[in-house]
Amino acid sequence: MNEFTPVRDENRERIARLELIDSRLRWLSSWIIHNANHLRESRDGLKVGGHQASCSSISTIMTALYFHALRPQDRVAVKPHAGPVLHAIHYLLGNQSLEQLQAFRGLGGAQSYPSRTKDQIPVDFSTGSVGLGVAITAFASLVQDYLIAHGQMAQADAGRMIALMGDAELDEGNIYECLIEGYKHDIRNCWWIVDYNRQSLDSTTADRMFRRFDDIFETCGWRVLTLKHGKIQRQVFKKPGGQAIERWIDDCPNAEYAALTYQGGSAWRARLNADLAGNKAALKLIAGMDDADLSALMLNLGGHCIETLLEAFAEADDERPTMFIAYTVKGYGLPFQGHKDNHAGLMNPTQIASLRESLGIAEGAEWHPFAGMGDNTARDLKDFIEPVRSVLARPKMAAAGIDVPGDIAVPDGDEQSTQAAFGRILLDLSKSGHPLVDRIVTTSPDVTVSTNLGAFVNQRGLFRRQELKDIFAGYKIPSPQKWSGHLAGQHIELGIAENNLFLMLAALGLSGPLFGHRLLPIGTVYDPFIARGLDALNYACYQDARFLLVATPSGVTLGPEGGAHQSINTPLIGMGQPGLTYFEPAYADELALLMHWAFAHMQAQDGGSVYLRLSTRAIAQVQRSDDGWKADALRGAYWLRPPESGSRMAIAYAGAIAPEALRAWESLRDDVPGLGLLAVTSPDLLHRDWSAANAQRAAGTARQLSHIETLLAPLSKDAGLVTLIDGSLAALSWLGSVRGHRVSPLGIDRFGQTGDLPDLYSLYRLDPEAVYDAAAELILAQ
């Protein structure tokens, strides 16, 4: 057991007030959920849900944090199932409306889990996918250090990045990937507070994990403070026979403790009397308490004791990352406390009425913030919490925009790959001296060199709080990578864990609203491995983090690597992910145009993040007669070879497969008069725009033609389309639905083989011959 500095006598009144607030938060969070499930009209008959037991286990922790320890510069990720407690806190403070609470988990109401984009109350980090809200706080602390090192924040303004988590979240692997990365970068100013109620959705947590979490975190440089026993327990332990009770509590298996908690005082008495028979002093202590007092003693765990929590928070008042393991009871103070099935359990009307009566709340006054307390106590509590309002009601920070260059120069070269062009564009920007470059932060999961970020890092350096010399350079060993680490560095190198990449991008992409200083993050990853971090990518987009994701190489075009390194469905990920705009450029000038657009889109009020799917395949660059193609390319597609009016066929392609599409067009144009060649730069934008136009029609509003409808308008009604992409056929095959054209789609629908491109393109029908066959099939169908 950790010993903390005792709270001084002048704070006794503060503790008493905090205990009243804790009780009120437990009530309000329970009532919010009860109203949604039992009182509000149910039109579909479905359980609305909520987690009364999960709220009650953490209410004391959140009371001590929000009404005592939290500072204006601190940022908090609240465990998903404690969302109602957070809403209750802001309701007490006047920052949340009654209407929002009454519509909890309903359309337009308070969200099921804290959401920084959907909730009306201030939310620093969205949570919901367990574990991710924990891990992002570590990366946010690294972003804060980055801003301080680059002179955009003062050290005095540094806050703590705090995560409130359920102990079952410690089963999530992403937490340990994050923990290792945090150790590499020597993170600081981070608190992780564990609601250690030892119950998950299905079961009670394993006893053998006791002390293992301590070992893991201490090994990674964290301070671990275990809050197992509350003040009342610690006082009893000092009495004759108390040590025997302490040993019994410490040795009691989690499942046994939970079952006895549910059964109550008489069960505790029977079990203790049996197990401690022969210890007269302990039995005398037990006999001196009635069942209610005995139950209160056994439930007086550290996570339910305000004084213990305040002591622990005071103990960690420095920069060292700290993990608090606060022992609690699942369902604390509720009729199903300790029951193994209480995770999604709901109090019935009789039970909630009993709880209401025990708090002195009159029927009909359930929503009153301070009902049943008496006028003097209510007035006192209002005065007590008033200073907290300014701490918690802070508006979202508005970061100033960053000017984007008038255009981005296209790298020279008759033959280029989009991946190589990306590296050269970044290098040229780095040398340009434009202010935009100073706000770019690059990051990558151990693929910096192989995704062509190396030259930028040579110019700008690795970000390190402690200087890191290039040992190879010191020994004069030749290497194209001349990397040194220092405070001014602009590249954050990560280990090979894609989940960490997307959490890092999320934290960097929230630097504006979190810290008031905008950054422009660029993350590179192997395209096939986007799926490894897909949950974290979705999480980043959900909370409107802004970043540029550059994924390369892609498709079976990465021939010799074989199926495991060849991406198939990433175009569909790009099309299906909200908050992310997917492009697949074929040529260097397209890429330069799209990167220029991305830097502005990442800052726009209605903008978002951008995903570029690139390739290592060097292809001949096209010659442009003018810039007329650019506006259409930014909308998702343009005619590389325009069709004639009434043409009965067109070829549509995306990405590195452009040479095959172009060769096929050249071979077929004499046989198919007016044949068009459509360069699709973004299947995502095309589909989204077309869907929006259809939605206008469904809504009965004036329907505007989508971009793809306008592009395909010159084709005859019975024209055929051959679509071609080094990825899932579905990314382009939908084009036939736009105007009812017959489609012959070409793409990848199975795992790839190793081989050179002629073999693979032939095997997977991506070569010109496949286009000829598809065109012939369409001609016959006409």
# chains A, B, ... in the order shown; residues from 1 in each chain; ligands from 1
>>> residues_around(residues="range 77-84 of chain A", least_positions_apart="4", cutoff="10 Å", atoms="only C-alpha atoms", output="PyMOL selection string")
chain A and resi 25-26+28-33+50-59+62+88-90+101+104+110-115+123-137+161-166+169+192-195+343-344
>>> select_by_dssp(residues="range 475-505 of chain A", states="alpha helix (DSSP H)", output="JSON list (two decimals) with N, CA and C atoms, in the first residue's frame")
[["chain", "number", "residue", "atom", "x", "y", "z"],
["A", 498, "GLU", "N", 1.50, 0.33, -36.77],
["A", 498, "GLU", "CA", 0.64, 1.26, -37.50],
["A", 498, "GLU", "C", -0.41, 1.90, -36.61],
["A", 499, "ASN", "N", -0.83, 1.19, -35.58],
["A", 499, "ASN", "CA", -1.81, 1.79, -34.66],
["A", 499, "ASN", "C", -1.24, 3.06, -34.03],
["A", 500, "ASN", "N", 0.04, 3.02, -33.66],
["A", 500, "ASN", "CA", 0.68, 4.21, -33.10],
["A", 500, "ASN", "C", 0.77, 5.33, -34.13],
["A", 501, "LEU", "N", 0.99, 4.97, -35.40],
["A", 501, "LEU", "CA", 1.05, 6.00, -36.43],
["A", 501, "LEU", "C", -0.24, 6.81, -36.46],
["A", 502, "PHE", "N", -1.38, 6.13, -36.49],
["A", 502, "PHE", "CA", -2.64, 6.84, -36.61],
["A", 502, "PHE", "C", -3.00, 7.59, -35.34],
["A", 503, "LEU", "N", -2.59, 7.08, -34.18],
["A", 503, "LEU", "CA", -2.81, 7.83, -32.94],
["A", 503, "LEU", "C", -1.90, 9.06, -32.90],
["A", 504, "MET", "N", -0.67, 8.92, -33.42],
["A", 504, "MET", "CA", 0.22, 10.07, -33.49],
["A", 504, "MET", "C", -0.35, 11.13, -34.44],
["A", 505, "LEU", "N", -0.85, 10.68, -35.59],
["A", 505, "LEU", "CA", -1.46, 11.62, -36.54],
["A", 505, "LEU", "C", -2.69, 12.28, -35.93]]
>>> closest_residue(among="A:Leu668, A:Ala244, A:Ala365, A:Ile148", to="Ala277 in chain A", atoms="only C-alpha atoms")
A:Ala244
>>> residues_around(residues="Ser567 in chain A", least_positions_apart="4", cutoff="6 Å", atoms="only C-alpha atoms", output="VMD selection string")
chain A and resid 528 554 to 555
>>> write_last_selection(atoms="N, CA and C atoms", output="short mmCIF file (atom, residue, chain, number, x, y, z; two decimals), in the first residue's frame")
data_model
loop_
_atom_site.label_atom_id
_atom_site.label_comp_id
_atom_site.auth_asym_id
_atom_site.auth_seq_id
_atom_site.Cartn_x
_atom_site.Cartn_y
_atom_site.Cartn_z
N PRO A 528 -0.58 -1.52 -47.92
CA PRO A 528 -1.25 -2.73 -47.44
C PRO A 528 -1.49 -2.76 -45.94
N SER A 554 1.41 0.51 -53.48
CA SER A 554 0.06 -0.03 -53.44
C SER A 554 -0.16 -1.05 -54.56
N GLY A 555 -1.14 -1.92 -54.33
CA GLY A 555 -1.60 -2.84 -55.35
C GLY A 555 -0.63 -3.94 -55.71
#
>>> residues_around(residues="range 304-319 of chain A", least_positions_apart="2", cutoff="9 Å", atoms="only C-alpha atoms", output="count of residues only")
48
>>> atom_distance(atom1="CA of Ala620 in chain A", atom2="CA of Met575 in chain A")
27.5 Å
>>> closest_residue(among="A:Thr524, A:Ser141, A:Ser390, A:Gln243", to="Asn95 in chain A", atoms="only C-alpha atoms")
A:Ser390
>>> residues_around(residues="Ile568 in chain A", least_positions_apart="6", cutoff="12 Å", atoms="only C-alpha atoms", output="PDB file with N, CA and C atoms, in the first residue's frame")
ATOM      1  N   ASP A 527       0.892   0.987 -47.960  1.00  0.00           N
ATOM      2  CA  ASP A 527      -0.540   0.948 -48.235  1.00  0.00           C
ATOM      3  C   ASP A 527      -1.208  -0.340 -47.754  1.00  0.00           C
ATOM      4  N   PRO A 528      -0.579  -1.516 -47.918  1.00  0.00           N
ATOM      5  CA  PRO A 528      -1.252  -2.734 -47.441  1.00  0.00           C
ATOM      6  C   PRO A 528      -1.486  -2.759 -45.945  1.00  0.00           C
ATOM      7  N   PHE A 529      -0.711  -1.965 -45.199  1.00  0.00           N
ATOM      8  CA  PHE A 529      -0.771  -2.056 -43.740  1.00  0.00           C
ATOM      9  C   PHE A 529      -1.661  -0.997 -43.108  1.00  0.00           C
ATOM     10  N   ILE A 530      -2.392  -0.255 -43.931  1.00  0.00           N
ATOM     11  CA  ILE A 530      -3.408   0.643 -43.367  1.00  0.00           C
ATOM     12  C   ILE A 530      -4.366  -0.145 -42.492  1.00  0.00           C
ATOM     13  N   ALA A 531      -4.686  -1.362 -42.950  1.00  0.00           N
ATOM     14  CA  ALA A 531      -5.667  -2.167 -42.208  1.00  0.00           C
ATOM     15  C   ALA A 531      -5.199  -2.495 -40.800  1.00  0.00           C
ATOM     16  N   PRO A 553       3.986   1.612 -51.132  1.00  0.00           N
ATOM     17  CA  PRO A 553       3.427   1.372 -52.469  1.00  0.00           C
ATOM     18  C   PRO A 553       2.111   0.627 -52.361  1.00  0.00           C
ATOM     19  N   SER A 554       1.408   0.514 -53.479  1.00  0.00           N
ATOM     20  CA  SER A 554       0.058  -0.035 -53.440  1.00  0.00           C
ATOM     21  C   SER A 554      -0.164  -1.048 -54.559  1.00  0.00           C
ATOM     22  N   GLY A 555      -1.137  -1.917 -54.331  1.00  0.00           N
ATOM     23  CA  GLY A 555      -1.603  -2.840 -55.349  1.00  0.00           C
ATOM     24  C   GLY A 555      -0.632  -3.941 -55.714  1.00  0.00           C
ATOM     25  N   VAL A 556      -1.013  -4.745 -56.714  1.00  0.00           N
ATOM     26  CA  VAL A 556      -0.107  -5.794 -57.199  1.00  0.00           C
ATOM     27  C   VAL A 556       1.041  -5.192 -58.000  1.00  0.00           C
ATOM     28  N   THR A 557       0.975  -3.864 -58.211  1.00  0.00           N
ATOM     29  CA  THR A 557       2.093  -3.185 -58.873  1.00  0.00           C
ATOM     30  C   THR A 557       3.376  -3.358 -58.064  1.00  0.00           C
ATOM     31  N   LEU A 558       3.237  -3.610 -56.770  1.00  0.00           N
ATOM     32  CA  LEU A 558       4.396  -3.975 -55.948  1.00  0.00           C
ATOM     33  C   LEU A 558       4.663  -5.465 -56.176  1.00  0.00           C
ATOM     34  N   GLY A 562       4.627  -9.916 -53.395  1.00  0.00           N
ATOM     35  CA  GLY A 562       3.610 -10.938 -53.177  1.00  0.00           C
ATOM     36  C   GLY A 562       2.408 -10.435 -52.401  1.00  0.00           C
ATOM     37  N   GLY A 574     -10.640   4.031 -48.375  1.00  0.00           N
ATOM     38  CA  GLY A 574     -10.609   5.468 -48.632  1.00  0.00           C
ATOM     39  C   GLY A 574     -11.973   6.027 -48.975  1.00  0.00           C
ATOM     40  N   ARG A 613      -2.988   7.543 -52.234  1.00  0.00           N
ATOM     41  CA  ARG A 613      -2.553   6.171 -52.534  1.00  0.00           C
ATOM     42  C   ARG A 613      -1.557   6.241 -53.685  1.00  0.00           C
ATOM     43  N   ILE A 725      -8.434  -0.442 -62.339  1.00  0.00           N
ATOM     44  CA  ILE A 725      -7.758   0.046 -61.134  1.00  0.00           C
ATOM     45  C   ILE A 725      -6.964  -1.081 -60.510  1.00  0.00           C
ATOM     46  N   ASP A 726      -5.811  -0.758 -59.976  1.00  0.00           N
ATOM     47  CA  ASP A 726      -4.997  -1.751 -59.262  1.00  0.00           C
ATOM     48  C   ASP A 726      -5.494  -1.806 -57.817  1.00  0.00           C
ATOM     49  N   GLY A 727      -6.664  -2.357 -57.667  1.00  0.00           N
ATOM     50  CA  GLY A 727      -7.338  -2.453 -56.382  1.00  0.00           C
ATOM     51  C   GLY A 727      -8.694  -3.084 -56.605  1.00  0.00           C
ATOM     52  N   SER A 728      -9.562  -2.970 -55.624  1.00  0.00           N
ATOM     53  CA  SER A 728     -10.879  -3.591 -55.731  1.00  0.00           C
ATOM     54  C   SER A 728     -11.672  -3.032 -56.912  1.00  0.00           C
ATOM     55  N   LEU A 729     -12.277  -3.944 -57.690  1.00  0.00           N
ATOM     56  CA  LEU A 729     -13.075  -3.533 -58.841  1.00  0.00           C
ATOM     57  C   LEU A 729     -14.195  -2.585 -58.448  1.00  0.00           C
ATOM     58  N   ALA A 730     -14.719  -2.773 -57.220  1.00  0.00           N
ATOM     59  CA  ALA A 730     -15.884  -2.004 -56.785  1.00  0.00           C
ATOM     60  C   ALA A 730     -15.604  -0.510 -56.676  1.00  0.00           C
ATOM     61  N   ALA A 731     -14.320  -0.132 -56.621  1.00  0.00           N
ATOM     62  CA  ALA A 731     -13.993   1.279 -56.496  1.00  0.00           C
ATOM     63  C   ALA A 731     -14.418   2.075 -57.722  1.00  0.00           C
ATOM     64  N   GLY A 747      -9.894  -5.178 -62.236  1.00  0.00           N
ATOM     65  CA  GLY A 747      -9.233  -4.833 -60.986  1.00  0.00           C
ATOM     66  C   GLY A 747      -8.806  -6.085 -60.250  1.00  0.00           C
ATOM     67  N   ILE A 748      -8.624  -5.972 -58.956  1.00  0.00           N
ATOM     68  CA  ILE A 748      -8.109  -7.077 -58.145  1.00  0.00           C
ATOM     69  C   ILE A 748      -9.201  -7.572 -57.205  1.00  0.00           C
ATOM     70  N   ASP A 749      -9.420  -8.877 -57.222  1.00  0.00           N
ATOM     71  CA  ASP A 749     -10.431  -9.447 -56.332  1.00  0.00           C
ATOM     72  C   ASP A 749      -9.908 -10.642 -55.543  1.00  0.00           C
ATOM     73  N   ARG A 750      -8.573 -10.824 -55.529  1.00  0.00           N
ATOM     74  CA  ARG A 750      -7.983 -11.925 -54.764  1.00  0.00           C
ATOM     75  C   ARG A 750      -6.554 -11.555 -54.413  1.00  0.00           C
ATOM     76  N   PHE A 751      -5.965 -12.310 -53.485  1.00  0.00           N
ATOM     77  CA  PHE A 751      -4.601 -12.014 -53.070  1.00  0.00           C
ATOM     78  C   PHE A 751      -3.634 -12.225 -54.228  1.00  0.00           C
ATOM     79  N   GLY A 752      -2.644 -11.343 -54.307  1.00  0.00           N
ATOM     80  CA  GLY A 752      -1.719 -11.360 -55.435  1.00  0.00           C
ATOM     81  C   GLY A 752      -0.598 -12.367 -55.293  1.00  0.00           C
ATOM     82  N   TYR A 764      -3.847 -10.954 -63.656  1.00  0.00           N
ATOM     83  CA  TYR A 764      -4.991 -10.313 -62.993  1.00  0.00           C
ATOM     84  C   TYR A 764      -5.804  -9.425 -63.932  1.00  0.00           C
TER      85      TYR A 764
END
>>> residues_around(residues="Asp428 in chain A", least_positions_apart="6", cutoff="12 Å", atoms="only C-alpha atoms", output="PyMOL selection string")
chain A and resi 408-412+421-422+434+437+455-456+459+592
>>> write_last_selection(atoms="C-alpha atoms", output="JSON list (two decimals), in the first residue's frame")
[["chain", "number", "residue", "atom", "x", "y", "z"],
["A", 408, "ILE", "CA", 3.57, 23.56, -55.67],
["A", 409, "ALA", "CA", 6.23, 22.98, -58.30],
["A", 410, "VAL", "CA", 6.13, 19.70, -60.23],
["A", 411, "PRO", "CA", 9.39, 17.75, -60.04],
["A", 412, "ASP", "CA", 11.29, 17.42, -63.31],
["A", 421, "ALA", "CA", 7.62, 12.65, -56.72],
["A", 422, "PHE", "CA", 6.13, 12.97, -53.23],
["A", 434, "HIS", "CA", 8.02, 29.08, -47.10],
["A", 437, "VAL", "CA", 7.12, 24.12, -44.10],
["A", 455, "ALA", "CA", 15.40, 13.67, -47.91],
["A", 456, "PHE", "CA", 12.98, 15.81, -45.88],
["A", 459, "GLN", "CA", 16.88, 18.71, -44.19],
["A", 592, "ALA", "CA", 1.57, 18.33, -56.79]]
